[in-house]
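Listing of upload14.txt; format and content: compact mmCIF, C-alpha atoms.
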# COMPACT_ATOMS: atom_id res chain seq x y z
CA MET R 1 86.99 28.02 103.96
CA THR R 2 88.00 30.95 106.10
CA VAL R 3 91.57 32.23 105.99
CA THR R 4 92.57 34.20 109.05
CA PRO R 5 94.22 37.43 107.85
CA LEU R 6 97.61 38.40 109.16
CA ALA R 7 98.68 42.00 109.65
CA ALA R 8 98.37 44.11 106.54
CA THR R 9 102.11 44.55 106.07
CA SER R 10 103.88 42.90 103.14
CA ALA R 11 107.43 41.83 102.32
CA ARG R 12 107.06 43.14 98.78
CA PRO R 13 108.60 46.55 98.01
CA VAL R 14 106.41 49.52 97.20
CA PRO R 15 106.13 49.59 93.38
CA ALA R 16 107.12 52.57 91.30
CA PHE R 17 104.17 52.30 88.90
CA ARG R 18 100.56 51.48 89.81
CA GLY R 19 98.53 52.04 86.62
CA ARG R 20 95.43 49.88 86.17
CA LEU R 21 93.67 48.35 83.21
CA GLY R 22 90.05 49.41 82.77
CA ARG R 23 86.99 48.37 80.86
CA ASP R 24 86.69 51.25 78.36
CA ALA R 25 88.62 54.03 76.66
CA ARG R 26 88.00 56.46 79.52
CA SER R 27 90.28 54.39 81.75
CA GLY R 28 93.31 55.30 79.64
CA HIS R 29 94.50 51.69 79.68
CA TYR R 30 91.54 49.77 78.35
CA ALA R 31 91.87 46.09 77.56
CA VAL R 32 92.80 45.53 73.93
CA PRO R 33 94.44 42.28 72.74
CA ARG R 34 98.15 42.67 71.91
CA ARG R 35 98.31 46.22 73.24
CA TYR R 36 100.13 45.21 76.43
CA ARG R 37 103.31 43.26 77.07
CA LEU R 38 104.74 41.49 80.11
CA HIS R 39 108.47 41.62 80.89
CA LEU R 40 109.33 38.67 83.12
CA SER R 41 112.38 36.85 84.48
CA PRO R 42 111.97 33.12 85.27
CA ALA R 43 113.88 33.33 88.56
CA ASP R 44 111.80 36.09 90.13
CA PRO R 45 108.93 34.80 92.31
CA ASP R 46 106.49 37.54 91.31
CA CYS R 47 107.29 36.87 87.66
CA LEU R 48 106.60 33.18 88.24
CA ARG R 49 103.19 34.05 89.73
CA ILE R 50 102.38 36.18 86.69
CA ALA R 51 103.67 33.59 84.19
CA VAL R 52 101.52 30.81 85.72
CA THR R 53 98.45 33.06 85.76
CA HIS R 54 99.13 34.13 82.17
CA SER R 55 99.13 30.46 81.13
CA LEU R 56 96.04 29.55 83.16
CA LEU R 57 94.17 32.34 81.37
CA GLY R 58 95.54 31.37 77.95
CA LEU R 59 96.84 34.86 77.20
CA GLY R 60 99.79 33.96 74.97
CA ALA R 61 98.28 35.75 71.97
CA ALA R 62 96.44 38.55 73.80
CA CYS R 63 99.36 39.71 75.97
CA PRO R 64 102.84 38.73 74.70
CA VAL R 65 105.69 38.02 77.11
CA THR R 66 109.28 39.21 76.80
CA GLU R 67 111.49 36.92 78.89
CA LEU R 68 114.57 38.42 80.50
CA PRO R 69 117.66 36.65 81.91
CA ALA R 70 117.54 34.95 85.30
CA VAL R 71 120.31 37.11 86.77
CA PRO R 72 119.98 40.91 86.41
CA ASP R 73 122.95 42.53 84.71
CA ALA R 74 123.06 45.81 86.67
CA PRO R 75 123.12 46.90 90.34
CA GLY R 76 119.97 46.84 92.45
CA GLY R 77 118.50 43.86 90.64
CA GLU R 78 118.18 45.91 87.45
CA HIS R 79 117.79 44.58 83.93
CA SER R 80 119.54 47.21 81.82
CA VAL R 81 117.35 46.44 78.80
CA LEU R 82 114.40 47.85 80.77
CA ARG R 83 116.13 51.16 81.57
CA PRO R 84 114.83 53.02 78.46
CA LEU R 85 111.29 51.87 79.22
CA TYR R 86 111.49 53.12 82.81
CA GLU R 87 113.02 56.44 81.76
CA ALA R 88 110.32 56.94 79.12
CA SER R 89 107.68 56.35 81.80
CA ALA R 90 108.92 58.71 84.53
CA HIS R 91 110.92 61.92 84.10
CA ARG R 92 114.41 61.53 85.58
CA TYR R 93 113.61 58.10 86.95
CA SER R 94 116.39 57.20 89.39
CA GLY R 95 115.30 53.82 90.73
CA ALA R 96 116.26 50.37 89.48
CA ALA R 97 114.67 49.01 86.30
CA THR R 98 113.36 45.74 87.71
CA VAL R 99 110.84 43.05 86.80
CA PRO R 100 107.97 42.38 86.62
CA VAL R 101 106.65 45.01 84.24
CA LEU R 102 103.36 45.37 82.39
CA SER R 103 103.96 47.84 79.57
CA ASP R 104 101.79 49.53 76.94
CA ASP R 105 103.19 48.96 73.43
CA TRP R 106 101.03 51.79 72.07
CA SER R 107 102.64 54.45 74.24
CA GLY R 108 105.97 52.76 74.96
CA ARG R 109 105.45 53.31 78.69
CA ILE R 110 104.95 51.24 81.82
CA VAL R 111 101.45 50.58 83.10
CA SER R 112 102.33 48.73 86.31
CA THR R 113 105.10 47.03 88.24
CA HIS R 114 102.74 45.95 91.05
CA THR R 115 102.20 42.19 90.91
CA PRO R 116 98.81 41.92 92.69
CA ASP R 117 97.31 44.60 90.43
CA ILE R 118 98.75 42.97 87.31
CA LEU R 119 97.34 39.59 88.30
CA ARG R 120 93.89 41.00 89.01
CA ASP R 121 93.73 43.06 85.83
CA LEU R 122 94.82 40.21 83.57
CA SER R 123 92.17 37.97 85.11
CA ARG R 124 89.34 40.49 85.16
CA HIS R 125 89.87 42.22 81.81
CA PHE R 126 91.34 39.48 79.64
CA GLY R 127 89.81 36.48 81.38
CA ALA R 128 86.38 36.31 79.70
CA GLY R 129 85.47 32.69 79.00
CA ARG R 130 88.57 31.50 80.87
CA PRO R 131 89.06 30.07 84.39
CA THR R 132 87.74 32.34 87.15
CA LEU R 133 90.84 32.87 89.27
CA TYR R 134 89.19 35.58 91.41
CA PRO R 135 85.74 34.12 92.21
CA CYS R 136 83.17 36.65 93.33
CA GLY R 137 82.95 36.74 97.12
CA LEU R 138 86.42 35.29 97.75
CA GLU R 139 88.45 38.47 97.24
CA ALA R 140 89.10 39.00 100.96
CA GLU R 141 90.19 35.39 101.44
CA ILE R 142 92.55 35.61 98.45
CA GLU R 143 94.13 38.76 99.88
CA ALA R 144 94.50 37.01 103.24
CA VAL R 145 96.30 34.11 101.52
CA GLU R 146 98.66 36.60 99.86
CA ARG R 147 99.56 38.03 103.27
CA LEU R 148 99.81 34.57 104.82
CA CYS R 149 102.29 33.43 102.16
CA ALA R 150 104.31 36.65 102.32
CA GLN R 151 104.65 36.63 106.10
CA GLY R 152 103.96 33.12 107.36
CA ILE R 153 106.08 31.37 104.71
CA ASP R 154 108.41 33.71 102.80
CA ALA R 155 109.39 36.14 105.57
CA ALA R 156 109.34 33.51 108.32
CA ALA R 157 111.59 31.15 106.33
CA GLN R 158 113.94 34.03 105.55
CA ARG R 159 114.28 34.91 109.24
CA ALA R 160 114.60 31.27 110.29
CA GLY R 161 117.59 30.81 107.98
CA ASP R 162 119.30 34.14 108.63
CA ALA R 163 122.54 33.48 110.49
CA ALA R 164 122.63 37.14 111.58
CA THR R 165 119.37 36.73 113.50
CA GLU R 166 119.48 35.91 117.22
CA ASP R 167 118.93 32.23 118.05
CA GLY R 168 115.67 32.93 119.83
CA ASP R 169 114.31 34.96 116.93
CA ARG R 170 115.27 32.23 114.47
CA ALA R 171 113.45 29.67 116.62
CA ASP R 172 110.37 31.90 116.76
CA ALA R 173 110.46 32.34 112.99
CA LEU R 174 110.72 28.60 112.43
CA ALA R 175 107.80 28.02 114.82
CA SER R 176 105.75 30.59 112.87
CA LEU R 177 106.62 28.90 109.58
CA LEU R 178 105.65 25.46 110.91
CA ARG R 179 102.33 26.78 112.28
CA THR R 180 101.51 28.23 108.88
CA LEU R 181 102.43 25.03 107.07
CA GLY R 182 100.43 23.00 109.56
CA SER R 183 97.28 25.04 109.04
CA LEU R 184 97.65 24.83 105.26
CA ASN R 185 98.31 21.09 105.43
CA ALA R 186 95.09 20.58 107.39
CA ARG R 187 93.11 22.60 104.85
CA LEU R 188 94.56 20.70 101.88
CA ALA R 189 93.89 17.37 103.56
CA ALA R 190 90.18 18.25 103.32
CA ASP R 191 89.99 20.02 99.94
CA PRO R 192 91.85 19.67 96.62
CA TYR R 193 92.58 23.39 96.43
CA LEU R 194 93.26 26.07 98.98
CA LEU R 195 89.84 27.72 98.87
CA GLY R 196 87.72 24.69 98.09
CA ASP R 197 87.09 22.55 95.03
CA ARG R 198 88.43 24.82 92.29
CA LEU R 199 91.78 26.36 91.50
CA THR R 200 92.11 30.10 92.21
CA THR R 201 94.88 32.65 92.31
CA ALA R 202 95.36 31.69 95.97
CA ASP R 203 96.82 28.38 94.74
CA VAL R 204 99.24 30.20 92.44
CA GLU R 205 100.37 32.32 95.38
CA LEU R 206 100.90 29.35 97.69
CA TRP R 207 102.59 27.17 95.07
CA VAL R 208 105.22 29.80 94.30
CA SER R 209 105.92 30.24 98.03
CA LEU R 210 106.39 26.46 98.37
CA VAL R 211 108.74 26.43 95.39
CA ARG R 212 110.80 29.17 97.01
CA LEU R 213 110.76 27.43 100.37
CA ASP R 214 112.32 24.28 98.90
CA THR R 215 114.61 25.78 96.26
CA VAL R 216 115.86 28.91 98.06
CA HIS R 217 115.12 29.12 101.80
CA ARG R 218 115.93 25.45 102.47
CA TRP R 219 119.60 26.16 101.72
CA HIS R 220 119.85 28.20 104.93
CA LEU R 221 117.96 25.92 107.32
CA ASP R 222 119.44 23.06 109.31
CA ALA R 223 118.55 19.50 108.34
CA ALA R 224 116.21 18.97 111.31
CA ALA R 225 114.23 22.08 110.37
CA VAL R 226 113.90 20.93 106.74
CA HIS R 227 112.62 17.52 107.86
CA ARG R 228 109.99 19.29 109.98
CA VAL R 229 109.04 21.48 107.03
CA ALA R 230 108.72 18.38 104.83
CA ASP R 231 106.47 16.62 107.35
CA HIS R 232 103.26 18.05 105.87
CA PRO R 233 102.19 15.33 103.42
CA ALA R 234 98.97 16.90 102.10
CA LEU R 235 100.72 20.21 101.45
CA TRP R 236 103.62 18.76 99.49
CA ALA R 237 101.37 16.31 97.60
CA TYR R 238 99.41 19.38 96.48
CA ALA R 239 102.66 21.09 95.41
CA ARG R 240 103.61 18.00 93.38
CA ARG R 241 100.19 17.88 91.74
CA LEU R 242 100.37 21.53 90.67
CA ALA R 243 103.94 21.09 89.39
CA ALA R 244 102.53 18.50 86.97
CA HIS R 245 99.83 20.93 85.76
CA PRO R 246 100.52 22.26 82.21
CA SER R 247 100.18 25.89 83.36
CA PHE R 248 102.58 25.50 86.31
CA GLY R 249 105.41 23.07 85.60
CA PRO R 250 106.65 24.52 82.29
CA HIS R 251 107.44 27.83 84.01
CA LEU R 252 109.58 26.21 86.70
CA ASP R 253 113.17 26.96 85.70
CA LEU R 254 115.19 25.43 88.52
CA ASP R 255 118.53 26.35 86.99
CA ALA R 256 117.46 29.99 86.72
CA ILE R 257 116.27 30.05 90.33
CA ALA R 258 119.57 28.53 91.50
CA ARG R 259 121.67 31.00 89.50
CA ARG R 260 119.67 33.98 90.76
CA HIS R 261 119.86 32.73 94.36
CA HIS R 262 123.59 32.14 94.32
CA ALA R 263 124.24 35.47 92.58
CA ASP R 264 122.25 37.44 95.16
CA CYS R 265 122.63 35.50 98.40
CA ARG R 266 125.25 36.42 100.97
CA GLY R 267 124.00 34.01 103.64
CA LEU R 268 125.69 30.86 104.86
CA GLU R 269 124.73 27.48 103.44
CA ALA R 270 123.40 25.09 106.09
CA ALA R 271 122.88 21.33 106.31
CA GLY R 272 119.33 21.65 105.01
CA ALA R 273 120.76 22.32 101.55
CA ALA R 274 121.29 18.57 101.21
CA VAL R 275 117.70 17.63 102.13
CA GLN R 276 115.55 18.25 99.05
CA ILE R 277 111.82 18.09 99.81
CA LEU R 278 110.51 17.53 96.26
CA ASP R 279 112.06 16.46 92.98
CA TRP R 280 110.57 19.47 91.21
CA ALA R 281 112.16 18.67 87.84
CA ALA R 282 110.64 15.20 87.72
CA HIS R 283 107.15 16.45 88.57
CA ALA R 284 107.40 19.40 86.18
CA GLU R 285 108.37 17.04 83.35
CA ARG R 286 104.99 15.34 83.71
CA SER R 287 103.30 18.60 82.73
CA ALA R 288 104.84 18.24 79.26
CA GLY R 289 103.88 14.57 78.93

Is it possible to give me this structure as structure tokens?
Amino acid sequence: MTVTPLAATSARPVPAFRGRLGRDARSGHYAVPRRYRLHLSPADPDCLRIAVTHSLLGLGAACPVTELPAVPDAPGGEHSVLRPLYEASAHRYSGAATVPVLSDDWSGRIVSTHTPDILRDLSRHFGAGRPTLYPCGLEAEIEAVERLCAQGIDAAAQRAGDAATEDGDRADALASLLRTLGSLNARLAADPYLLGDRLTTADVELWVSLVRLDTVHRWHLDAAAVHRVADHPALWAYARRLAAHPSFGPHLDLDAIARRHHADCRGLEAAGAAVQILDWAAHAERSAG
């Protein structure tokens, strides 16, 4: 199915490190089991995308994960335990030491903090014999889904719930969000997964955006808006189904997400906070059954 690309802008910050894994020693960072390590926090959406992908690919032994607390312990969203790693990787590094991080245990330095690159490299260089999350020929559609989720769901929901935004702009943002959800609902009414009959990284991207929409952005929408968001049955049935998948549900730490949200958020709580769309905990529990 064709995904109409949005503008090429993204809500994600420009990463500090953009190293890539390669296929041989000449790349500098060639793929060797247990050479690399992921540093992830369960409340961070990009970390959740990486954790789900890591599980789908079965990389627990090949690429260990160090889990960090839900709420950063230093200004700027920094995890202070990562500060030595950042400073070893860039002379006089002055930015925040944030997650996610893919590091090289051999050199003690960071390879990448850029989520899309990390996801692609894990799949392409450690994914032999495992699910094909980036099917050949679908790369452009996957990138379009990434932009659609970042702008049409994440950014639109953020603007729609921002009390500092003008009423007209909030209404436009909500309309944009509902259009995006409507198009996705129609697609998922016809196919089990976003790009057809098999699960790809596009589904990981969308699922995390839906988790955030219900567990974070909903708190700042009015009740009527949340009911309109919930009125996409195929979309939310799909979200429930993936929550029960053994590579998705176990990574869903609702308490961590709530603690991170309430620690960071300065917005006003709205009536939509009382209108939960899915019982995520109940569906995630099925993944362990």

task = Just give me the residues with any atom within 12 Å of (110.5, 33.4, 115.8), file coordinates, counting only C-alpha atoms, written as a PyMOL selection string.
result = chain R and resi 151-152+155-162+165-179

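Between atom CA of R:Ala96 and atom CA of R:Pro72 lies a distance of 10.6 Å.
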
task = Enter the distance from atom CA of R:Asp264 to atom CA of R:Leu242, in Å, rounded to one decimal.
result = 27.4 Å

task = List the neighbours of R:Ile50 out to 8 Å using only C-alpha atoms; skip same-chain residues closer than 5 positions along the sequence, and give me the result as a ChimeraX atom specification.
result = /R:115,118-119

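Going from atom CA of R:Val145 to atom CA of R:Trp207 covers 11.4 Å.
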
List every residue of stretch 172-254 of chain R that has an atom at most 9 Å from any atom of stretch 284-287 of chain R, giving for each one its closest atom pair and the distance in Å to one decimal, counting all atoms listed in the file, sorted by chain and then by ascending residue number, as a tab-separated table.
residue	atom	partner	partner_atom	distance
R:Arg240	CA	R:Ala284	CA	8.3
R:Leu242	CA	R:Ala284	CA	8.6
R:Ala243	CA	R:Ala284	CA	5.0
R:Ala244	CA	R:Ser287	CA	4.3
R:His245	CA	R:Ser287	CA	5.2
R:Pro246	CA	R:Ser287	CA	4.6
R:Ser247	CA	R:Ser287	CA	8.0
R:Phe248	CA	R:Ala284	CA	7.8
R:Gly249	CA	R:Ala284	CA	4.2
R:Pro250	CA	R:Ala284	CA	6.5
R:His251	CA	R:Ala284	CA	8.7
R:Leu252	CA	R:Ala284	CA	7.2

Who sits within 10 Å of R:Pro116, all atoms listed in the file, same chain under 3 positions skipped, as a ChimeraX atom specification = /R:46,49-50,112-113,119-121,143,146

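Omitting R:Phe126 and its sequence neighbours fewer than 5 positions away, and counting only C-alpha atoms, the residues within 8 Å are Ala31, Leu57, Leu59, Ala62 and Asp121 of chain R.
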
request  = Please identify all polymer residues within 7 Å of R:Leu188, counting all atoms listed in the file, omitting same-chain residues fewer than 6 positions from it, and present them as a PyMOL selection string.
outcome  = chain R and resi 194+234-235

Which neighbours of R:Ser80 fall inside 12 Å, counting only C-alpha atoms, when residues of the same chain fewer than 6 positions from it are skipped, and could you give them as a CSV table (one decimal) with C-alpha atoms, in the coordinates of the input?
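Produced file result-v9.csv, reproduced below:
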chain,number,residue,atom,x,y,z
R,68,LEU,CA,114.6,38.4,80.5
R,69,PRO,CA,117.7,36.6,81.9
R,71,VAL,CA,120.3,37.1,86.8
R,72,PRO,CA,120.0,40.9,86.4
R,73,ASP,CA,123.0,42.5,84.7
R,74,ALA,CA,123.1,45.8,86.7
R,86,TYR,CA,111.5,53.1,82.8
R,87,GLU,CA,113.0,56.4,81.8
R,95,GLY,CA,115.3,53.8,90.7
R,96,ALA,CA,116.3,50.4,89.5
R,97,ALA,CA,114.7,49.0,86.3
R,98,THR,CA,113.4,45.7,87.7
R,99,VAL,CA,110.8,43.0,86.8

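Nearest to R:His29 of all the residues R:Tyr93, R:Ser41, R:Ala70, R:Asp104 is R:Asp104, based on all atoms listed in the file.
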
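Nearest-residue note for R:Asp214: choosing from R:Val275, R:Ala190, R:Leu102, R:Ala237, the minimum distance belongs to R:Val275, counting only C-alpha atoms.
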
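Considering the residues R:Leu82, R:Leu56, R:Cys136, R:Ile142 and counting only C-alpha atoms, R:Gly108 has its shortest atom-to-atom contact with R:Leu82.
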
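Considering all atoms listed in the file, the residue among R:Gly272, R:Pro64, R:Gly19, R:Pro135 positioned nearest to R:Asp197 is R:Pro135.
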
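Using only C-alpha atoms, the shortest contact distance between R:Pro45 and any of R:Arg212, R:His261, R:Arg266, R:Arg241 is found at R:Arg212.
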
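In terms of minimum interatomic distance to R:Val211, R:Cys149 ranks closest within R:Cys149, R:Ala16, R:Ala224, R:Ala186, counting all atoms listed in the file.
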